[in-house]
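Asker: I'd like to ask you about the structure that follows.
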Amino acid sequence: MIRFYGEKPYRAAVIHGGPGDIGGMRPVAERLGKTFGVMEPIQSQYTTIALVMELRRQLGLHIKEPITLIGHSWGAWLSLLVASCYPFLVERVVLVGCPPLEEIYAGHIHERRMKRLSKEEQERFIWYMKHMAAITAEGWEDLRQLMIKADHYAQKPNASSYTQMDGKMYERVWPEAIEMRRNGNLMRYIQSVACPIHIIHGDYDPHPLEGIINPLDSLCIPYRLQILQKCGHAPFDEIFAEERFYQILEQILRS
């Protein structure tokens, strides 16, 4: 499934995170679609390889020229994997709130989130993350509120109400992705990415920026970096960073 915004030709595709955060990039597609043709591919597969192949098919059916992939969180990794495997489809990748690319930095995410939650909130958060497929509707709302507190600096009212989480996808795909990071396969794919890489990262994002730029620097992989002030994990949901985020994206797409 793909949602389309604006008019052809499609200049960009927004790649949602999660895995399983269905519709998570909808506001970005809607905003950019006022100026550019934008695609919002919806992920539906339950393995990493299948998701890479699915996105390749989704893009291939609707573009004639290489396209910009704007990936949020897990979607940043998926964008890099597709750019590595199918370079003829990708003009550039934009990594928004990208998770660390090497395992050594991953523990910092949990530490930072826990510091922002009370002890009781920490216990609920940890349970939800281990039982995503079993969460009830009430539980999803509770988890959403915990994520707001742990991941965001100043979230806009009613942000994230457009998403629908597929817990089964998260439980199946994320362990595979983590293993790719742990065994070094993720960076082996990334080192073959030939297109330009842009990084947009909030200064309050619990995902450590050094976990992205240090691995890239170690392999002499070039990138362009924009750090957003007063901004957490999802710039498009942040009160203080939203407009600057879209200014940067529009500049990238016009370049």
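Here, A, B, ... name the chains of the structure tokens in the order displayed, residue numbers run from 1 inside each chain, and ligands are numbered from 1 in the same displayed order.
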Hey, what does DSSP flag as alpha helix (DSSP H) within range 36-238 of chain A? Can you give it to me as a ChimeraX atom specification?

Answerer: /A:48-60,74-85,107-115,119-130,137-151,167-182,185-190,210-218

Asker: What lies within 10 Å of range 202-205 of chain A using only C-alpha atoms, ignoring chain neighbours under 6 positions off, as a VMD selection string?

Answerer: chain A and resid 96 to 99 109 112 to 113 150 to 154 226 to 235 238 241 245

Asker: Within 12 Å of range 118-141 of chain A, which residues of range 12-108 of chain A come that close, and what is the closest atom pair and distance in Å for each? Count only C-alpha atoms and give it as JSON lines.

Answerer:
```
{"residue": "A:Gly18", "atom": "CA", "partner": "A:Met132", "partner_atom": "CA", "distance": 11.0}
{"residue": "A:Pro19", "atom": "CA", "partner": "A:Met132", "partner_atom": "CA", "distance": 11.0}
{"residue": "A:Gly20", "atom": "CA", "partner": "A:Met132", "partner_atom": "CA", "distance": 10.2}
{"residue": "A:Asp21", "atom": "CA", "partner": "A:Met132", "partner_atom": "CA", "distance": 11.7}
```

Asker: Store the residues of this selection in a file with N, CA, C and O atoms, as a short mmCIF file (atom, residue, chain, number, x, y, z; two decimals), in the first residue's frame.

Answerer:
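This is the output file again.cif:
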```cif
data_model
loop_
_atom_site.label_atom_id
_atom_site.label_comp_id
_atom_site.auth_asym_id
_atom_site.auth_seq_id
_atom_site.Cartn_x
_atom_site.Cartn_y
_atom_site.Cartn_z
N GLY A 18 9.36 2.47 13.62
CA GLY A 18 8.79 1.35 14.36
C GLY A 18 9.85 0.33 14.75
O GLY A 18 10.60 0.56 15.69
N PRO A 19 9.95 -0.77 14.00
CA PRO A 19 9.10 -1.20 12.88
C PRO A 19 7.64 -1.37 13.31
O PRO A 19 7.36 -1.80 14.42
N GLY A 20 6.76 -1.00 12.42
CA GLY A 20 5.33 -1.15 12.67
C GLY A 20 4.60 0.12 13.02
O GLY A 20 3.40 0.08 13.31
N ASP A 21 5.28 1.27 12.97
CA ASP A 21 4.63 2.54 13.29
C ASP A 21 3.88 3.03 12.05
O ASP A 21 4.26 4.01 11.41
#
```

Asker: Residues at most 10 Å from Pro222 in chain A, counting only C-alpha atoms, excluding those fewer than 4 positions away in the same chain, as a ChimeraX atom specification?

Answerer: /A:194-198,213,216-217

Asker: Next, dump the selected residues to file, keeping only all heavy atoms, as a short mmCIF file (atom, residue, chain, number, x, y, z; two decimals), in the first residue's frame.

Answerer:
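The result, stored in part.cif:
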```cif
data_model
loop_
_atom_site.label_atom_id
_atom_site.label_comp_id
_atom_site.auth_asym_id
_atom_site.auth_seq_id
_atom_site.Cartn_x
_atom_site.Cartn_y
_atom_site.Cartn_z
N ALA A 194 26.27 4.81 -1.88
CA ALA A 194 27.01 5.76 -2.70
C ALA A 194 26.36 7.12 -2.78
O ALA A 194 27.01 8.10 -3.16
CB ALA A 194 27.19 5.19 -4.10
N CYS A 195 25.08 7.23 -2.44
CA CYS A 195 24.37 8.50 -2.57
C CYS A 195 24.64 9.40 -1.37
O CYS A 195 25.11 8.94 -0.32
CB CYS A 195 22.88 8.26 -2.73
SG CYS A 195 22.09 7.58 -1.25
N PRO A 196 24.36 10.70 -1.47
CA PRO A 196 24.53 11.61 -0.34
C PRO A 196 23.66 11.20 0.86
O PRO A 196 22.53 10.73 0.69
CB PRO A 196 24.09 12.97 -0.90
CG PRO A 196 24.28 12.86 -2.37
CD PRO A 196 23.96 11.43 -2.71
N ILE A 197 24.22 11.41 2.05
CA ILE A 197 23.51 11.12 3.30
C ILE A 197 23.34 12.42 4.07
O ILE A 197 24.31 13.14 4.32
CB ILE A 197 24.30 10.10 4.16
CG1 ILE A 197 24.41 8.76 3.43
CG2 ILE A 197 23.64 9.93 5.52
CD1 ILE A 197 25.31 7.75 4.16
N HIS A 198 22.10 12.71 4.44
CA HIS A 198 21.80 13.87 5.28
C HIS A 198 21.28 13.36 6.63
O HIS A 198 20.47 12.42 6.67
CB HIS A 198 20.73 14.75 4.64
CG HIS A 198 21.16 15.38 3.35
ND1 HIS A 198 21.55 16.70 3.26
CD2 HIS A 198 21.26 14.87 2.09
CE1 HIS A 198 21.87 16.97 2.01
NE2 HIS A 198 21.70 15.88 1.27
N ILE A 213 27.24 9.40 13.79
CA ILE A 213 28.36 10.07 13.10
C ILE A 213 29.70 9.38 13.34
O ILE A 213 30.55 9.35 12.44
CB ILE A 213 28.42 11.56 13.47
CG1 ILE A 213 28.67 11.76 14.96
CG2 ILE A 213 27.15 12.27 13.05
CD1 ILE A 213 28.86 13.24 15.35
N LEU A 216 30.09 6.45 10.91
CA LEU A 216 30.27 6.96 9.56
C LEU A 216 31.66 7.58 9.39
O LEU A 216 32.34 7.36 8.38
CB LEU A 216 29.20 7.99 9.24
CG LEU A 216 27.75 7.49 9.19
CD1 LEU A 216 26.79 8.64 8.88
CD2 LEU A 216 27.58 6.38 8.16
N ASP A 217 32.10 8.34 10.39
CA ASP A 217 33.43 8.95 10.33
C ASP A 217 34.53 7.89 10.27
O ASP A 217 35.53 8.06 9.57
CB ASP A 217 33.66 9.84 11.55
CG ASP A 217 32.88 11.15 11.49
OD1 ASP A 217 32.46 11.54 10.39
OD2 ASP A 217 32.69 11.77 12.55
#
```

Asker: Considering only C-alpha atoms, state which residue in the set A:Glu91, A:Lys64, A:Thr48, A:Glu250 is at the smallest distance from Lys34 in chain A.

Answerer: A:Glu250

Asker: Ranking A:Gln251, A:Gly23, A:Val193, A:His62 by minimum distance to Tyr10 in chain A and counting only C-alpha atoms, which one comes first?

Answerer: A:His62

Asker: When you draw a straight line from CA of Ile252 in chain A to CA of Glu30 in chain A, how long is it in Å?

Answerer: 16.9 Å

Asker: Can you pull out every residue within 12 Å of Gln191 in chain A, counting only C-alpha atoms, but drop anything in the same chain fewer than 5 positions away, and send it as a PDB file with N, CA, C and O atoms, in the first residue's frame?

Answerer:
```pdb
ATOM      1  N   LEU A  80      18.597   3.262   4.344  1.00  0.00           N
ATOM      2  CA  LEU A  80      19.998   2.969   4.060  1.00  0.00           C
ATOM      3  C   LEU A  80      20.165   1.596   3.418  1.00  0.00           C
ATOM      4  O   LEU A  80      20.970   1.422   2.494  1.00  0.00           O
ATOM      5  N   LEU A  81      19.406   0.617   3.896  1.00  0.00           N
ATOM      6  CA  LEU A  81      19.491  -0.731   3.333  1.00  0.00           C
ATOM      7  C   LEU A  81      19.046  -0.741   1.873  1.00  0.00           C
ATOM      8  O   LEU A  81      19.677  -1.376   1.020  1.00  0.00           O
ATOM      9  N   ALA A  83      19.058   1.868  -0.163  1.00  0.00           N
ATOM     10  CA  ALA A  83      20.053   2.618  -0.923  1.00  0.00           C
ATOM     11  C   ALA A  83      21.281   1.769  -1.214  1.00  0.00           C
ATOM     12  O   ALA A  83      21.914   1.910  -2.269  1.00  0.00           O
ATOM     13  N   SER A  84      21.618   0.888  -0.283  1.00  0.00           N
ATOM     14  CA  SER A  84      22.750  -0.011  -0.485  1.00  0.00           C
ATOM     15  C   SER A  84      22.453  -1.080  -1.516  1.00  0.00           C
ATOM     16  O   SER A  84      23.267  -1.348  -2.401  1.00  0.00           O
ATOM     17  N   CYS A  85      21.282  -1.688  -1.415  1.00  0.00           N
ATOM     18  CA  CYS A  85      20.930  -2.816  -2.287  1.00  0.00           C
ATOM     19  C   CYS A  85      20.460  -2.376  -3.667  1.00  0.00           C
ATOM     20  O   CYS A  85      20.666  -3.100  -4.657  1.00  0.00           O
ATOM     21  N   LEU A 101      24.167   3.212  14.890  1.00  0.00           N
ATOM     22  CA  LEU A 101      24.523   2.257  13.853  1.00  0.00           C
ATOM     23  C   LEU A 101      25.419   1.133  14.367  1.00  0.00           C
ATOM     24  O   LEU A 101      25.615   0.138  13.674  1.00  0.00           O
ATOM     25  N   GLY A 184      27.562  -6.446  12.967  1.00  0.00           N
ATOM     26  CA  GLY A 184      28.274  -5.593  12.025  1.00  0.00           C
ATOM     27  C   GLY A 184      27.736  -5.586  10.614  1.00  0.00           C
ATOM     28  O   GLY A 184      28.225  -4.833   9.758  1.00  0.00           O
ATOM     29  N   ASN A 185      26.699  -6.393  10.334  1.00  0.00           N
ATOM     30  CA  ASN A 185      26.156  -6.430   8.969  1.00  0.00           C
ATOM     31  C   ASN A 185      25.517  -5.110   8.558  1.00  0.00           C
ATOM     32  O   ASN A 185      25.548  -4.733   7.379  1.00  0.00           O
ATOM     33  N   LEU A 186      24.933  -4.398   9.527  1.00  0.00           N
ATOM     34  CA  LEU A 186      24.310  -3.119   9.204  1.00  0.00           C
ATOM     35  C   LEU A 186      25.336  -2.156   8.613  1.00  0.00           C
ATOM     36  O   LEU A 186      25.108  -1.553   7.561  1.00  0.00           O
ATOM     37  N   ILE A 197      24.218  11.410   2.050  1.00  0.00           N
ATOM     38  CA  ILE A 197      23.512  11.121   3.298  1.00  0.00           C
ATOM     39  C   ILE A 197      23.341  12.417   4.075  1.00  0.00           C
ATOM     40  O   ILE A 197      24.315  13.142   4.319  1.00  0.00           O
ATOM     41  N   PRO A 215      30.432   6.038  13.707  1.00  0.00           N
ATOM     42  CA  PRO A 215      30.615   4.933  12.764  1.00  0.00           C
ATOM     43  C   PRO A 215      30.821   5.407  11.324  1.00  0.00           C
ATOM     44  O   PRO A 215      31.637   4.831  10.592  1.00  0.00           O
ATOM     45  N   LEU A 216      30.092   6.450  10.913  1.00  0.00           N
ATOM     46  CA  LEU A 216      30.273   6.962   9.556  1.00  0.00           C
ATOM     47  C   LEU A 216      31.665   7.580   9.391  1.00  0.00           C
ATOM     48  O   LEU A 216      32.343   7.359   8.380  1.00  0.00           O
ATOM     49  N   ASP A 217      32.102   8.337  10.394  1.00  0.00           N
ATOM     50  CA  ASP A 217      33.430   8.945  10.333  1.00  0.00           C
ATOM     51  C   ASP A 217      34.529   7.889  10.269  1.00  0.00           C
ATOM     52  O   ASP A 217      35.533   8.059   9.566  1.00  0.00           O
ATOM     53  N   SER A 218      34.334   6.792  11.015  1.00  0.00           N
ATOM     54  CA  SER A 218      35.377   5.754  11.057  1.00  0.00           C
ATOM     55  C   SER A 218      35.600   5.113   9.699  1.00  0.00           C
ATOM     56  O   SER A 218      36.691   4.597   9.418  1.00  0.00           O
ATOM     57  N   LEU A 219      34.575   5.142   8.845  1.00  0.00           N
ATOM     58  CA  LEU A 219      34.685   4.567   7.505  1.00  0.00           C
ATOM     59  C   LEU A 219      34.820   5.650   6.438  1.00  0.00           C
ATOM     60  O   LEU A 219      34.750   5.356   5.239  1.00  0.00           O
ATOM     61  N   CYS A 220      35.004   6.899   6.885  1.00  0.00           N
ATOM     62  CA  CYS A 220      35.153   8.037   5.961  1.00  0.00           C
ATOM     63  C   CYS A 220      33.960   8.169   5.025  1.00  0.00           C
ATOM     64  O   CYS A 220      34.113   8.493   3.834  1.00  0.00           O
ATOM     65  N   ILE A 221      32.766   7.900   5.557  1.00  0.00           N
ATOM     66  CA  ILE A 221      31.542   8.065   4.786  1.00  0.00           C
ATOM     67  C   ILE A 221      31.046   9.498   4.966  1.00  0.00           C
ATOM     68  O   ILE A 221      30.762   9.914   6.094  1.00  0.00           O
ATOM     69  N   PRO A 222      30.949  10.274   3.901  1.00  0.00           N
ATOM     70  CA  PRO A 222      30.541  11.678   4.045  1.00  0.00           C
ATOM     71  C   PRO A 222      29.057  11.815   4.366  1.00  0.00           C
ATOM     72  O   PRO A 222      28.244  10.975   3.988  1.00  0.00           O
TER      73      PRO A 222
END
```

Asker: So, with only C-alpha atoms as the atoms that count, which of A:Gly107, A:Gly17, A:Pro206, A:Pro100 lies closest to Ser79 in chain A?

Answerer: A:Gly17

Asker: Quick check, in Å to one decimal: how far apart do CA of Leu89 in chain A and CA of Ile63 in chain A lie?

Answerer: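 Distance between the two atoms: 8.2 Å.
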
Asker: Please run DSSP on the backbone and report, as a PyMOL selection string, all residues within range 9-219 of chain A that come out as strand (DSSP E).

Answerer: chain A and resi 10-15+21-22+37-41+67-72+90-96+164-165+197-202
